[in-house]
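Okay, work33.cif now, which holds mmCIF, C-alpha atoms:
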```
data_final
#
loop_
_atom_site.label_atom_id
_atom_site.label_comp_id
_atom_site.auth_asym_id
_atom_site.auth_seq_id
_atom_site.Cartn_x
_atom_site.Cartn_y
_atom_site.Cartn_z
CA MET H 1 117.12 67.88 157.44
CA VAL H 2 113.52 66.84 158.08
CA GLN H 3 112.21 67.28 161.62
CA LEU H 4 109.58 64.57 161.99
CA GLU H 5 106.94 64.39 164.72
CA ASN H 6 105.14 61.07 164.30
CA GLN H 7 103.83 60.45 167.84
CA TYR H 8 100.30 61.09 166.59
CA LEU H 9 100.45 58.15 164.18
CA ARG H 10 99.65 54.56 165.04
CA PRO H 11 102.95 52.98 166.22
CA LYS H 12 103.76 50.62 163.33
CA LYS H 13 102.87 53.25 160.74
CA ALA H 14 105.02 55.78 162.62
CA SER H 15 108.02 53.41 162.56
CA ALA H 16 107.59 52.79 158.83
CA LEU H 17 107.44 56.52 158.09
CA GLU H 18 110.57 57.14 160.13
CA ARG H 19 112.44 54.39 158.23
CA TRP H 20 111.43 55.94 154.91
CA HIS H 21 112.85 59.28 155.97
CA GLN H 22 116.12 57.56 156.83
CA ASP H 23 116.45 55.70 153.52
CA PRO H 24 119.25 56.84 151.18
CA PHE H 25 118.21 59.78 148.99
CA GLU H 26 120.93 60.92 146.61
CA ILE H 27 121.42 64.58 145.78
CA ARG H 28 122.40 64.58 142.11
CA GLU H 29 123.98 67.78 140.82
CA ASP H 30 124.59 66.71 137.21
CA LEU H 31 121.80 65.34 135.05
CA LYS H 32 122.04 63.60 131.68
CA VAL H 33 120.56 64.74 128.38
CA TRP H 34 119.97 62.37 125.45
CA ARG H 35 120.04 63.88 121.96
CA GLY H 36 118.76 62.20 118.84
CA GLU H 37 117.99 63.22 115.28
CA ASN H 38 114.71 62.25 113.60
CA ALA H 39 113.39 60.81 116.86
CA THR H 40 109.69 60.25 117.51
CA ILE H 41 107.62 61.11 120.58
CA LEU H 42 104.86 58.59 121.30
CA PRO H 43 101.76 59.80 123.19
CA LEU H 44 100.30 57.72 125.99
CA ARG H 45 98.69 54.44 125.01
CA ARG H 46 96.83 52.77 127.85
CA GLU H 47 97.11 49.00 127.95
CA PRO H 48 95.43 47.45 131.03
CA ASP H 49 97.78 44.46 131.10
CA SER H 50 100.98 46.52 130.86
CA GLY H 51 101.43 46.75 134.63
CA LEU H 52 102.00 50.52 134.29
CA LEU H 53 100.24 53.18 136.34
CA PHE H 54 99.51 55.28 133.25
CA GLY H 55 100.60 53.50 130.07
CA LYS H 56 103.13 53.17 127.27
CA GLY H 57 104.82 56.15 125.67
CA GLY H 58 108.02 58.14 125.43
CA VAL H 59 110.72 58.57 122.78
CA VAL H 60 112.04 56.20 120.12
CA ASP H 61 115.18 56.98 118.11
CA LYS H 62 115.40 57.05 114.30
CA ASP H 63 115.91 53.26 114.29
CA GLY H 64 112.84 52.60 116.42
CA ASN H 65 114.73 51.85 119.65
CA TYR H 66 113.12 53.01 122.86
CA VAL H 67 115.03 55.71 124.77
CA ASP H 68 115.02 54.53 128.39
CA LEU H 69 115.76 58.03 129.70
CA SER H 70 112.32 59.08 128.44
CA SER H 71 110.47 56.73 130.81
CA ILE H 72 109.22 57.00 134.35
CA PRO H 73 109.63 53.36 135.41
CA GLY H 74 106.37 51.77 136.47
CA ARG H 75 104.35 54.76 135.33
CA VAL H 76 105.10 55.69 131.70
CA GLN H 77 107.39 53.28 129.90
CA PHE H 78 108.00 51.24 126.73
CA SER H 79 107.22 51.83 123.08
CA TYR H 80 104.48 50.44 120.86
CA PRO H 81 104.21 50.00 117.08
CA ALA H 82 103.33 53.33 115.48
CA GLN H 83 104.10 55.47 112.48
CA ALA H 84 104.85 59.16 112.98
CA ALA H 85 101.89 61.22 111.83
CA GLU H 86 104.22 64.00 110.71
CA MET H 87 107.83 65.18 110.74
CA ARG H 88 108.60 68.59 112.24
CA ASP H 89 111.71 70.53 111.31
CA GLU H 90 112.30 71.60 114.91
CA THR H 91 114.60 71.03 117.86
CA VAL H 92 112.46 70.15 120.85
CA VAL H 93 112.87 69.17 124.48
CA TYR H 94 110.87 66.14 125.53
CA CYS H 95 108.99 66.84 128.78
CA GLY H 96 106.98 63.63 129.13
CA TYR H 97 103.39 62.87 130.03
CA LEU H 98 101.23 65.83 131.05
CA VAL H 99 99.17 63.97 133.61
CA HIS H 100 95.86 65.54 134.65
CA HIS H 101 96.50 65.04 138.36
CA TRP H 102 98.01 67.87 140.36
CA GLY H 103 100.18 65.73 142.65
CA HIS H 104 101.73 63.73 139.80
CA PHE H 105 102.13 66.95 137.80
CA LEU H 106 104.22 68.47 140.61
CA VAL H 107 106.48 65.51 141.36
CA GLU H 108 106.75 63.95 137.89
CA GLY H 109 105.14 66.11 135.21
CA VAL H 110 107.50 69.08 135.51
CA SER H 111 110.60 67.10 136.43
CA ARG H 112 112.34 67.60 133.05
CA LEU H 113 111.66 71.33 132.80
CA TRP H 114 114.89 72.10 134.60
CA TYR H 115 116.40 72.20 131.11
CA PHE H 116 114.36 75.32 130.32
CA LEU H 117 116.18 77.17 133.10
CA GLU H 118 119.50 76.30 131.43
CA ASN H 119 118.44 78.78 128.70
CA ASP H 120 119.29 76.77 125.55
CA THR H 121 118.41 79.25 122.80
CA HIS H 122 118.51 76.54 120.09
CA VAL H 123 115.32 74.91 121.39
CA ASP H 124 112.13 75.62 119.44
CA LYS H 125 109.58 73.88 121.65
CA TYR H 126 109.10 72.04 124.95
CA VAL H 127 106.89 69.06 124.13
CA PHE H 128 104.48 67.25 126.44
CA PHE H 129 102.25 64.41 125.33
CA ILE H 130 98.78 63.40 126.48
CA ASP H 131 96.71 60.30 125.73
CA GLU H 132 96.41 59.15 122.12
CA ASN H 133 93.82 61.26 120.30
CA GLU H 134 92.88 63.05 123.52
CA HIS H 135 91.87 66.71 123.30
CA ARG H 136 92.51 68.65 126.47
CA GLU H 137 92.71 72.33 127.25
CA ILE H 138 95.55 73.13 129.65
CA ARG H 139 94.16 75.58 132.15
CA GLY H 140 93.91 76.49 135.84
CA ASN H 141 96.93 75.96 138.06
CA TYR H 142 98.59 73.72 135.45
CA ARG H 143 98.76 76.57 132.98
CA GLU H 144 99.58 79.10 135.67
CA PHE H 145 102.60 77.04 136.77
CA LEU H 146 103.96 76.98 133.21
CA GLU H 147 103.26 80.69 132.77
CA LEU H 148 105.01 81.63 136.01
CA LEU H 149 107.97 79.47 135.05
CA GLY H 150 108.12 81.42 131.77
CA VAL H 151 107.87 78.43 129.42
CA TRP H 152 104.20 78.59 128.42
CA ASP H 153 104.78 80.28 125.03
CA LYS H 154 107.10 77.45 124.02
CA ILE H 155 104.90 74.56 125.13
CA GLU H 156 103.64 72.07 122.53
CA ILE H 157 101.09 69.36 123.41
CA ILE H 158 100.88 66.29 121.14
CA ASN H 159 98.32 63.49 121.05
CA ARG H 160 99.67 61.41 118.14
CA PRO H 161 103.15 60.06 117.27
CA THR H 162 105.25 62.97 116.02
CA ALA H 163 108.85 63.02 114.75
CA PHE H 164 111.22 65.97 115.09
CA ARG H 165 114.49 66.96 113.49
CA GLU H 166 116.15 66.75 116.91
CA VAL H 167 114.80 65.62 120.27
CA LEU H 168 116.49 66.32 123.60
CA VAL H 169 115.50 64.11 126.54
CA PRO H 170 116.55 65.57 129.92
CA GLU H 171 116.90 63.19 132.82
CA LEU H 172 114.25 63.42 135.55
CA SER H 173 115.32 65.86 138.25
CA LEU H 174 113.36 63.85 140.83
CA LYS H 175 113.07 60.08 140.89
CA CYS H 176 110.81 58.98 143.70
CA HIS H 177 112.61 57.60 146.74
CA THR H 178 115.91 57.47 144.81
CA TYR H 179 117.41 60.90 144.10
CA TYR H 180 116.66 64.53 143.43
CA SER H 181 118.59 67.40 141.94
CA PRO H 182 118.74 70.98 143.25
CA LYS H 183 117.60 71.78 139.70
CA PHE H 184 114.20 70.35 140.67
CA ARG H 185 113.89 72.64 143.69
CA ARG H 186 114.96 75.58 141.54
CA LEU H 187 111.86 75.05 139.36
CA PHE H 188 109.56 75.74 142.30
CA ASP H 189 111.66 78.59 143.64
CA THR H 190 111.53 80.22 140.20
CA VAL H 191 107.75 79.87 140.00
CA ALA H 192 107.42 81.28 143.54
CA GLU H 193 109.70 84.22 142.76
CA HIS H 194 107.62 85.07 139.67
CA ALA H 195 104.33 84.84 141.63
CA VAL H 196 104.04 88.57 142.35
CA PRO H 197 101.47 89.05 145.14
CA ASP H 198 98.45 91.29 144.96
CA PRO H 199 98.79 94.23 147.41
CA SER H 200 95.40 93.30 148.92
CA TRP H 201 96.61 89.90 150.12
CA GLU H 202 97.48 89.66 153.79
CA PRO H 203 99.69 86.97 155.36
CA LEU H 204 97.88 84.29 157.36
CA SER H 205 99.73 82.83 160.33
CA LYS H 206 98.01 79.43 160.30
CA ILE H 207 96.21 77.93 157.31
CA TYR H 208 94.33 74.70 156.77
CA PHE H 209 93.85 73.23 153.30
CA SER H 210 90.40 71.65 153.35
CA ARG H 211 88.79 69.15 150.97
CA SER H 212 85.28 69.59 152.30
CA GLN H 213 84.10 71.62 149.29
CA LEU H 214 85.74 69.41 146.68
CA ALA H 215 82.80 68.05 144.72
CA LYS H 216 84.42 64.78 143.66
CA GLY H 217 85.24 63.88 147.26
CA ARG H 218 81.80 64.27 148.79
CA ALA H 219 80.65 60.78 147.82
CA PHE H 220 83.66 59.08 149.43
CA GLU H 221 84.91 61.36 152.24
CA PHE H 222 82.99 61.55 155.50
CA GLY H 223 83.52 63.52 158.69
CA PHE H 224 85.73 66.10 157.00
CA GLU H 225 83.53 68.96 158.20
CA ALA H 226 84.60 68.09 161.78
CA LEU H 227 88.20 68.87 160.83
CA ASP H 228 87.17 72.19 159.28
CA ASN H 229 85.42 73.07 162.52
CA PHE H 230 88.37 71.96 164.65
CA PHE H 231 90.95 74.03 162.81
CA GLU H 232 88.73 77.09 162.44
CA LYS H 233 88.05 77.09 166.19
CA ASN H 234 91.79 76.98 166.84
CA GLY H 235 92.77 80.00 164.78
CA TYR H 236 93.49 78.50 161.36
CA THR H 237 92.14 80.13 158.20
CA LEU H 238 90.37 77.60 155.98
CA LEU H 239 91.45 77.55 152.34
CA TYR H 240 89.98 75.44 149.56
CA PRO H 241 92.90 74.90 147.15
CA GLU H 242 90.68 74.15 144.15
CA LYS H 243 89.33 77.72 144.55
CA VAL H 244 92.65 79.48 145.12
CA PRO H 245 94.80 80.50 142.12
CA LEU H 246 98.35 79.15 142.27
CA ARG H 247 99.96 82.56 142.71
CA GLN H 248 97.83 83.29 145.76
CA MET H 249 98.33 79.82 147.22
CA ILE H 250 102.10 80.24 146.99
CA PHE H 251 101.83 83.58 148.78
CA TYR H 252 99.85 82.06 151.65
CA ILE H 253 102.21 79.08 151.99
CA ARG H 254 105.38 81.18 151.99
CA HIS H 255 104.00 83.73 154.46
CA SER H 256 102.50 81.31 157.00
CA ASP H 257 103.95 79.91 160.20
CA VAL H 258 102.00 76.65 159.95
CA VAL H 259 100.33 74.87 157.04
CA ALA H 260 97.85 72.16 158.03
CA THR H 261 96.57 69.91 155.28
CA LEU H 262 95.01 66.57 154.52
CA SER H 263 97.32 63.91 153.14
CA GLY H 264 97.46 63.11 149.44
CA THR H 265 98.15 65.71 146.78
CA LEU H 266 97.68 68.75 149.01
CA PRO H 267 100.96 68.49 151.00
CA HIS H 268 102.88 68.23 147.69
CA ASN H 269 102.21 71.97 147.42
CA MET H 270 104.90 72.39 150.09
CA LEU H 271 107.35 72.17 147.20
CA PHE H 272 106.62 75.91 146.95
CA ALA H 273 107.40 76.43 150.66
CA ASN H 274 110.41 78.02 152.29
CA GLN H 275 113.07 75.67 153.57
CA GLY H 276 112.23 74.35 157.03
CA GLN H 277 108.57 75.39 157.17
CA THR H 278 106.08 73.55 159.39
CA VAL H 279 103.41 71.34 157.87
CA GLU H 280 100.79 69.40 159.83
CA ILE H 281 99.49 66.49 157.77
CA LEU H 282 96.13 64.95 158.68
CA GLU H 283 96.42 61.40 157.38
CA ARG H 284 93.45 60.13 155.35
CA CYS H 285 95.16 56.88 154.40
CA VAL H 286 96.31 53.88 156.40
CA LEU H 287 99.47 53.68 154.28
CA ASN H 288 102.18 56.33 154.13
CA ILE H 289 102.58 58.20 150.84
CA ASP H 290 106.10 57.79 149.46
CA ASN H 291 106.12 60.92 147.28
CA GLN H 292 105.46 63.10 150.30
CA VAL H 293 108.59 61.78 152.00
CA ASP H 294 110.59 63.15 149.06
CA VAL H 295 108.84 66.53 149.30
CA ASN H 296 109.62 66.66 153.03
CA ARG H 297 113.29 65.98 152.40
CA ILE H 298 113.64 68.36 149.46
CA ARG H 299 112.30 71.23 151.59
CA ASP H 300 113.72 70.08 154.97
CA LEU H 301 110.26 70.45 156.43
CA HIS H 302 109.15 70.26 160.05
CA VAL H 303 106.48 67.59 159.64
CA VAL H 304 103.75 66.74 162.14
CA SER H 305 101.79 63.67 161.01
CA ILE H 306 98.42 62.86 162.58
CA ASP H 307 96.29 59.75 161.99
CA ALA H 308 92.95 61.53 162.00
CA ASN H 309 91.31 58.68 160.07
CA ILE H 310 89.09 55.89 161.38
CA PRO H 311 89.86 52.97 159.05
CA ILE H 312 87.72 49.92 158.42
CA TYR H 313 88.61 48.00 155.23
CA THR H 314 91.62 48.05 152.93
CA ILE H 315 90.95 50.57 150.17
CA ASP H 316 92.80 52.33 147.39
CA PHE H 317 93.88 55.96 147.62
CA GLY H 318 90.48 57.11 146.41
CA GLY H 319 88.65 56.06 149.55
CA PRO H 320 86.17 55.87 151.08
CA PHE H 321 87.47 57.60 154.21
CA ILE H 322 86.12 58.49 157.64
CA MET H 323 87.89 61.36 159.37
CA GLY H 324 87.18 62.73 162.81
CA TYR H 325 88.26 63.74 166.27
CA ASN H 326 89.81 60.42 167.24
CA GLU H 327 92.32 59.69 170.01
CA ASN H 328 95.28 60.80 167.87
CA LEU H 329 93.84 64.20 167.00
CA GLU H 330 92.66 64.59 170.59
CA GLN H 331 96.24 64.08 171.84
CA PHE H 332 97.54 66.57 169.26
CA ALA H 333 94.96 69.08 170.52
CA LYS H 334 95.95 68.58 174.16
CA ASP H 335 99.65 68.99 173.38
CA HIS H 336 99.00 72.26 171.53
CA GLY H 337 96.40 73.71 173.90
CA TYR H 338 93.65 73.44 171.29
CA VAL H 339 89.93 73.01 171.92
CA PRO H 340 87.93 70.12 170.40
CA PRO H 341 85.40 70.59 167.60
CA ASP H 342 81.76 71.36 168.36
CA GLY H 343 79.92 68.72 170.35
CA LYS H 344 77.76 67.61 167.43
CA TYR H 345 80.91 66.15 165.83
CA LEU H 346 81.66 64.05 168.91
CA THR H 347 78.36 62.17 169.24
CA LYS H 348 77.62 58.52 168.51
CA LYS H 349 74.95 59.73 166.09
CA HIS H 350 77.55 61.63 164.04
CA PHE H 351 79.95 58.69 163.80
CA ARG H 352 77.14 56.26 163.03
CA LYS H 353 76.10 58.50 160.14
CA CYS H 354 79.70 58.51 158.86
CA PHE H 355 79.83 54.72 159.16
CA ILE H 356 76.62 54.24 157.15
CA GLN H 357 77.90 56.59 154.43
CA TYR H 358 81.22 54.74 154.37
CA MET H 359 79.57 51.33 153.98
CA LYS H 360 77.34 52.57 151.16
CA ALA H 361 80.36 54.05 149.37
CA TYR H 362 82.45 50.92 149.91
CA GLU H 363 79.77 48.74 148.37
CA ASP H 364 79.44 51.15 145.46
CA LEU H 365 83.21 51.16 144.79
CA TYR H 366 84.16 47.55 145.49
CA HIS H 367 80.82 45.70 145.64
CA TYR H 368 81.50 42.62 147.75
CA ASN H 369 85.11 42.15 146.70
CA TRP H 370 87.99 42.23 149.15
CA PHE H 371 90.24 45.03 147.89
CA MET H 372 93.99 44.45 148.24
CA GLU H 373 96.80 45.57 145.97
CA ALA H 374 99.67 43.09 145.67
CA TRP H 375 102.14 45.76 146.78
CA TYR H 376 100.25 46.17 150.10
CA ALA H 377 101.70 42.84 151.29
CA PRO H 378 104.82 44.26 153.05
CA PHE H 379 102.57 46.62 155.01
CA THR H 380 100.09 44.10 156.39
CA ASP H 381 101.28 44.71 159.95
CA TYR H 382 100.06 48.27 160.00
CA LEU H 383 97.01 47.46 157.87
CA TRP H 384 96.02 45.13 160.72
CA GLU H 385 96.97 47.79 163.26
CA ALA H 386 94.62 50.20 161.49
CA TYR H 387 91.77 47.71 161.38
CA GLN H 388 92.06 47.17 165.12
CA ALA H 389 91.91 50.94 165.66
CA GLY H 390 88.77 51.23 163.53
CA HIS H 391 87.19 48.20 165.20
CA LYS H 392 87.23 50.05 168.53
CA TRP H 393 84.88 52.59 166.99
CA PHE H 394 82.63 50.42 164.86
CA GLY H 395 83.15 46.86 166.08
CA ALA H 396 79.56 46.43 167.27
CA TYR H 397 78.32 47.10 163.73
CA LEU H 398 81.07 45.14 162.00
CA ASP H 399 80.54 42.10 164.22
CA GLY H 400 76.78 42.15 163.76
CA ASP H 401 75.94 42.99 167.37
CA LEU H 402 74.15 46.16 166.27
CA PRO H 403 72.30 46.88 163.02
CA PHE H 404 73.30 50.10 161.27
CA ARG H 405 70.54 50.17 158.65
CA TRP H 406 66.83 50.11 159.57
CA PHE H 407 66.03 47.16 157.32
CA HIS H 408 68.62 45.00 159.09
CA TYR H 409 66.06 44.56 161.87
CA PHE H 410 64.16 42.26 159.53
CA GLU H 411 67.12 39.91 159.07
CA PHE H 412 66.94 36.50 160.80
CA HIS H 413 70.26 37.16 162.59
CA TYR H 414 68.80 40.03 164.64
CA TRP H 415 65.53 38.18 165.42
CA LYS H 416 67.62 35.28 166.68
CA GLN H 417 69.62 37.66 168.88
CA PHE H 418 66.43 39.26 170.19
CA VAL H 419 64.99 35.89 171.22
CA LYS H 420 68.26 34.88 172.84
CA HIS H 421 68.52 38.11 174.85
CA THR H 422 64.86 37.85 175.90
CA LEU H 423 65.33 34.26 177.19
CA VAL H 424 68.39 35.31 179.15
CA LYS H 425 66.51 38.25 180.62
CA LEU H 426 63.64 35.96 181.69
CA GLY H 427 66.04 33.47 183.21
CA LEU H 428 64.99 30.75 180.79
CA ARG H 429 68.47 30.26 179.44
#
```

What would the structure in this file look like if it were written as structure tokens?
Amino acid sequence: MVQLENQYLRPKKASALERWHQDPFEIREDLKVWRGENATILPLRREPDSGLLFGKGGVVDKDGNYVDLSSIPGRVQFSYPAQAAEMRDETVVYCGYLVHHWGHFLVEGVSRLWYFLENDTHVDKYVFFIDENEHREIRGNYREFLELLGVWDKIEIINRPTAFREVLVPELSLKCHTYYSPKFRRLFDTVAEHAVPDPSWEPLSKIYFSRSQLAKGRAFEFGFEALDNFFEKNGYTLLYPEKVPLRQMIFYIRHSDVVATLSGTLPHNMLFANQGQTVEILERCVLNIDNQVDVNRIRDLHVVSIDANIPIYTIDFGGPFIMGYNENLEQFAKDHGYVPPDGKYLTKKHFRKCFIQYMKAYEDLYHYNWFMEAWYAPFTDYLWEAYQAGHKWFGAYLDGDLPFRWFHYFEFHYWKQFVKHTLVKLGLR
């Protein structure tokens, strides 16, 4: 059972996270398998108006009927008109969309591979699809996962409609916020068991997964170096997951006492953890991440969640973000006997710099539009809660009382304020 410490979250967000952990989550021992002769696997076709996160694709039977078991509702779903480019005389297992996103790969991409561990010797291939006509080399931790599982030599990647003599469609072993099967957890245990450590590796008691050296995040993530400094000063070893091979990352996770990490994809790596391990999650986002709740429950984790973000506007999960030593992280530090980061990360100058970078990035990403997904609506109470928290830090800039760019001094608004303050000072108003 999950042990949840959420006192370092803003109150409404904390209550919402606690409710999610209490929602029904079925443990499903038996999973279905659909079998069909002369069935066709359709690669991903992106259609902007489909309402799907990724696009259309999956399996159609010999009569052209879509096989619902091949979908991930809301993500990959529905067929489209297409002729099979070829017919293969093979029995294959349909594995679904090989998404190029590590978090989705872990919680959705490998969810049908439980069938491989059932050791069906009649299967010729395990088939993933990618986007139509896409050419992608499977490498890095994606390939290493499949190699450690033992299935790599039987993997087939298709990018055009392809028919097979027989297609098997295993049911998902994890369906977000609905159910999971112990077969799903077995996938990660098997990979971890096959990840033989190098004798030179030494266990690390406390580790922190940092994003500060992730190139794609530098334009939209600000203040993250303060968190690196904070954790390093308090005895954590900094790791940069994009630079650590999967086998080594699994070793460090399984041999640590505490894993600290930023929210998002990184905590999904706790699927490789031992049951009941401790994870400290530094929240980048105002909204809770539903997939992580499933990971927490599958591994019975001891979870400490900390709102280390300073939010301003509603944004998507790509940012921009400001992170720093705010009141929540300060309370976490006091409770654990930790010291704060270096003084340069606590100054008004530092936070003003982060604010300017944030505003530039926000304009670049959203221009002058108000960003709001329709599905945010039920969470408006803690979106507002977050805005109020951020306003305490940057309200003077947001309200126009202080300029944050040098050229703002030339705007009429600030000249008007200057005249007003001068008159008051001279007693003329």

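Across H:Gly324, H:Gly109, H:Pro245, H:Gly318, the tightest approach to Phe230 in chain H is made by H:Gly324 when counting only C-alpha atoms.
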
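CA of Ile72 in chain H sits 23.7 Å away from CA of Arg165 in chain H.
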
Q | Shell of 8 Å around range 122-129 of chain H, all atoms listed in the file, local chain residues under 2 positions omitted, as a PyMOL selection string | A | chain H and resi 41-44+90-98+120+131+151+154-159

Run the PyMOL selection byres ((chain H and resi 284) around 7) against the file shown and list the residues it catches, as a PDB file with C-alpha atoms, keeping the file's coordinate frame.
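Written file, result22.pdb:
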```pdb
ATOM      1  CA  LEU H 262      95.010  66.570 154.520  1.00  0.00           C
ATOM      2  CA  SER H 263      97.320  63.910 153.140  1.00  0.00           C
ATOM      3  CA  LEU H 282      96.130  64.950 158.680  1.00  0.00           C
ATOM      4  CA  GLU H 283      96.420  61.400 157.380  1.00  0.00           C
ATOM      5  CA  CYS H 285      95.160  56.880 154.400  1.00  0.00           C
ATOM      6  CA  VAL H 286      96.310  53.880 156.400  1.00  0.00           C
ATOM      7  CA  ALA H 308      92.950  61.530 162.000  1.00  0.00           C
ATOM      8  CA  ASN H 309      91.310  58.680 160.070  1.00  0.00           C
ATOM      9  CA  PHE H 321      87.470  57.600 154.210  1.00  0.00           C
ATOM     10  CA  MET H 323      87.890  61.360 159.370  1.00  0.00           C
TER      11      MET H 323
END
```

Q. Near Arg254 in chain H, counting only C-alpha atoms, which residues have an atom at most 12 Å away, once you skip same-chain residues fewer than 3 positions from it, shown as a ChimeraX atom specification?
A. /H:188-189,192-193,195,197,202-207,247-251,257-259,269-279

Name the residues in contact with Glu5 in chain H at a cut-off of 7 Å, using all atoms listed in the file, excluding same-chain residues fewer than 5 positions from it; report them as a PDB file with C-alpha atoms, in the coordinates of the input.
```pdb
ATOM      1  CA  VAL H 303     106.480  67.590 159.640  1.00  0.00           C
ATOM      2  CA  VAL H 304     103.750  66.740 162.140  1.00  0.00           C
ATOM      3  CA  SER H 305     101.790  63.670 161.010  1.00  0.00           C
TER       4      SER H 305
END
```

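The coordinates place CA of Tyr180 in chain H at 22.6 Å from CA of His100 in chain H.
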
**Q.** Length of the CA of Trp152 in chain H to CA of Arg297 in chain H vector [Å]
**A.** 28.6 Å

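For the residues H:Met359, H:Thr380, H:Gly390, H:Leu172, ranking by smallest atom-to-atom distance to Glu327 in chain H using only C-alpha atoms places H:Gly390 first.
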
Q) Applied to this file, what does the PyMOL selection byres ((chain H and resi 15) around 12) return in terms of residues, put as an NGL selection string? A) :H and (4-14 or 16-22 or 287-288 or 379 or 381-382)

Q: Identify, on the basis of all atoms listed in the file, every residue whose closest approach to Pro182 in chain H does not exceed 8 Å; exclude the query and any residue fewer than 5 positions from it along the same chain; express the result as a list in words.
A: Ile27, Arg28, Glu29 and Ser173 of chain H

Q) What residues come out when you apply the PyMOL selection byres ((chain H and resi 145) around 10) to this file, written as a ChimeraX atom specification? A) /H:106,110,139-144,146-152,187-188,191-192,194-195,246-247

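Considering all atoms listed in the file, the residue among H:Leu266, H:Val167, H:Ala39, H:Ala219 positioned nearest to Leu239 in chain H is H:Leu266.
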
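Among H:Ile322, H:Arg45, H:Phe209, H:Glu225, the residue with the shortest atom-to-atom distance to Glu280 in chain H, counting only C-alpha atoms, is H:Phe209.
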
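Excluding Tyr387 in chain H itself and same-chain residues fewer than 2 positions from it, the residues having an atom within 10 Å of it are Val286, Ile310, Pro311, Ile312, Tyr313, Thr314, Tyr382, Leu383, Trp384, Glu385, Ala389, Gly390, His391, Lys392 and Gly395 of chain H, counting all atoms listed in the file.
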
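For the residues H:Arg160, H:Arg136, H:Lys183, H:Lys233, ranking by smallest atom-to-atom distance to Asp30 in chain H using all atoms listed in the file places H:Lys183 first.
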
Q: Choose the residue, out of H:Val59, H:His302, H:Glu232, H:Val99, that has the smallest atom-to-atom separation from Gln3 in chain H; count all atoms listed in the file.
A: H:His302
